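Enquirer: Okay, here's the structure, questions in a sec.
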Amino acid sequence: MVAHNPAFVKGDFILIFPSELGIMHSMKKRSVLFICILLLLLSGCSGPLKPLTDGFSFRDDGGELPDAVSPTALTSAPTEIFIPEPDPTPEIREEVEENEIYRYTEEEPVYEPMWVILDMDYFSDVDDVCALRIADMMHREGIISLRAVMASSDDPRCPKAIRAQLLYDGLSEVPIGKNTERDPVPVSDSPYWEDLISFYPSEVEDTSYPDAYDLYLSVLEEASSEGKKVRVITTGFLNNLAALLSDTEYGRELFRNNVDDLYITGGELSDPGHDFNFCYNRATKNAANYVCDHVPPEVRTIYSTYYSVERKGGWIRCGGPIREYAPSDPVAVAFEDYFRYAPHMAHASGQIAWDPFCVWCACLNDNPAAGKRTTHTYLQPLYMYIDPSGANYLSTEREPRNDNTWVLLRHSAESGHWSLLYRFSGFDDFSWYEDQLNYWINLGIRP
Ligand SMILES: [Ca+2]
């Protein structure tokens with residue numbers, strides 16, 4: 001049983017700035033100078049740059065658009081995304097605050113934990129570490145059964161660092177798959193791998209790490225034999241999934257028959273969007289394009305987009321409290337490493353919660369074992385297309401337009417792939433969501 005930390009549940013001590021301007025307020029002059037120099041340097045790059053969304057800017061490494069789709073046609077295509085206004089309902093807040101301390105009573109039915117595979121890049125941004133902590137605590141609370149964690153970054157230290165965090169969080173039995181050799185994604189260095197590994201240096205060396213492809217097959221075969229469905233959640237690159245879906249009909253059928261929902265952290269509403277997880281390098285572009293087009297139609301795909309964690313010009317963040325109250329916790333240590341590496345991202349409320357938000361939603365939504373816990377979000381049917389350059393396009397339109405973009409969208413829809421976008425409802429502010437994420441992150445703090 002996990003000790004609860006009610007003092008951490010409420011966000012009174014969290015400093016939340018009203019907008020992105022808060023980032024600037026929190027920066028020191030030296031950081032501002034650093035960013036100015038960085039922007040000057042990057043302005044000379046020829047490839048499209050990732051917006052200021054995490055510590056890594058990147059440039060296109062040469063993935064070319066197919067001849068049939070000119071960049072001009074893509075950028076001129078209209079985007080019709082329905083973005084509803086929030087619908088504040090005062091009663092919801094009271095109801096949800098009860099959920100924070102909600103526990104089953106003896107009269108209620110007890111459901112088996114939902115099986116989950118978590119597939120993470122776990123190398124650049126500290127939000128992967130927060131996301132894994134949330135999944136670990138959901139596992140310990142009996143909401144999910146974490147069957148495997150996959151590393152989608154091609155470096156032997158990545159699965160070892162994941163292993164260290166699982167050990168700290170008390171999940172020594174969870175197997176870890178290393179980035180599949182069938183479709184590897186080379187990555188640059190991580191700011192936090194070494195420090196996480198130093199928590200359990202010998203234990204992580206003694207562990208065997210199967211290829212993620214083999215581990216996917218193994219978990220899905222077990223699910224098949226036990227009549228279980230698995231929810232697959234990605235917070236990074238899609239190369240492991242691409243290998244699984246492309247390699248054999250057997251792997252595709254296992255995926256089709258034994259996965260209920262696929263949650264993908266990624267996608268931007270801009271037209272086109274250039275998401276880090278899709279566009280990082282040539283391997284990730286190929287993988288994102290392939291997965292988008294080849295997920296079996298029986299598996300519902302939910303893209304948790306950048307918009308999902310953006311609210312009124314600001315971002316949902318998490319991790320600020322654990323940095324303050326448990327600086328020796330691995331999550332807090334990873335934060336220090338990350339903010340040292342990317343000082344322009346430092347913020348009192350922690351990091352933008354792209355990955356944690358997706359994991360939190362994926363574990364609680366449509367999961368009977370979550371009881372009355374709710375995310376107060378809803379899904380909007382959308383069509384998603386990720387082209388070979390990694391650029392993503394979203395549309396509510398089913399019919400093609402008179403240009404190449406929407407022909408490609410129709411192609412995507414005809415292949416049976418359809419997508420859902422995660423959306424908010426209920427609140428004007430996002431502090432409630434930050435409290436929820438921090439609650440699960442802080443649950444792992446040792447007394
Ligand atoms: Ca990630």
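Labels used: A, B, ... for chains in the order of the structure tokens, numbers from 1 for residues in each chain, and numbers from 1 for ligands as shown.
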Within 12 Å of Pro156 (chain A), counting only C-alpha atoms, which residues qualify if same-chain residues fewer than 2 places away don't, as a PyMOL selection string?
Expert: chain A and resi 122-123+151-154+158-163+176-181+184+186-187+189-190+193-194+197+204-205+207-211
Enquirer: Residues within 6 Å of ligand 1 should be enumerated using only C-alpha atoms and all ligand atoms and returned as a PyMOL selection string.
Expert: chain A and resi 120-122+128+235-236+355
Enquirer: Where does DSSP see strand (DSSP E or B) in region 265-401 of chain A, if you list the residues as a ChimeraX atom specification?
Expert: /A:265,273,300-304,310-311,314-315,317-319,350-352,377-386,392-395
Enquirer: Find, counting only C-alpha atoms, the residue in A:Tyr250, A:Trp354, A:Tyr216, A:Phe199 that gets nearest to Tyr306 (chain A).
Expert: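 The closest residue to Tyr306 (chain A) is A:Trp354.
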Enquirer: For region 167-169 of chain A, find every residue with an atom within 8 Å (counting only C-alpha atoms), except residues of its own chain fewer than 3 positions away, and show them as a ChimeraX atom specification.
Expert: /A:133,136-137,163-164,172,200,330,444
Enquirer: Could you save those same residues with C-alpha atoms as a CSV table (one decimal), in the first residue's frame?
Expert:
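Resulting contents of out04.csv:
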```csv
chain,number,residue,atom,x,y,z
A,133,ARG,CA,5.8,7.6,-12.4
A,136,ASP,CA,3.8,3.1,-11.9
A,137,MET,CA,1.5,4.5,-9.2
A,163,ARG,CA,14.7,-0.1,-15.2
A,164,ALA,CA,16.1,2.1,-12.4
A,172,SER,CA,10.8,-4.8,-10.3
A,200,TYR,CA,20.8,0.9,-9.1
A,330,PRO,CA,14.6,10.1,-9.1
A,444,GLY,CA,5.8,7.7,-5.2
```
Enquirer: Which residue gives the smallest distance to Ala332 (chain A) among A:Trp440, A:Tyr192, A:Tyr393, A:Phe237, with only C-alpha atoms counted?
Expert: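 For Ala332 (chain A), the nearest of the candidates is A:Tyr192.
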Enquirer: Measuring between only C-alpha atoms, which one of A:Met384, A:His347, A:Val185, A:Glu112 shows the shortest distance to Gly266 (chain A)?
Expert: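 Selected residue with least distance to Gly266 (chain A): A:Met384.
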Enquirer: Could you please determine the separation between CA of Pro368 (chain A) and CA of Leu118 (chain A) in Å, to one decimal place?
Expert: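 One can read the CA of Pro368 (chain A) to CA of Leu118 (chain A) distance as 19.1 Å.
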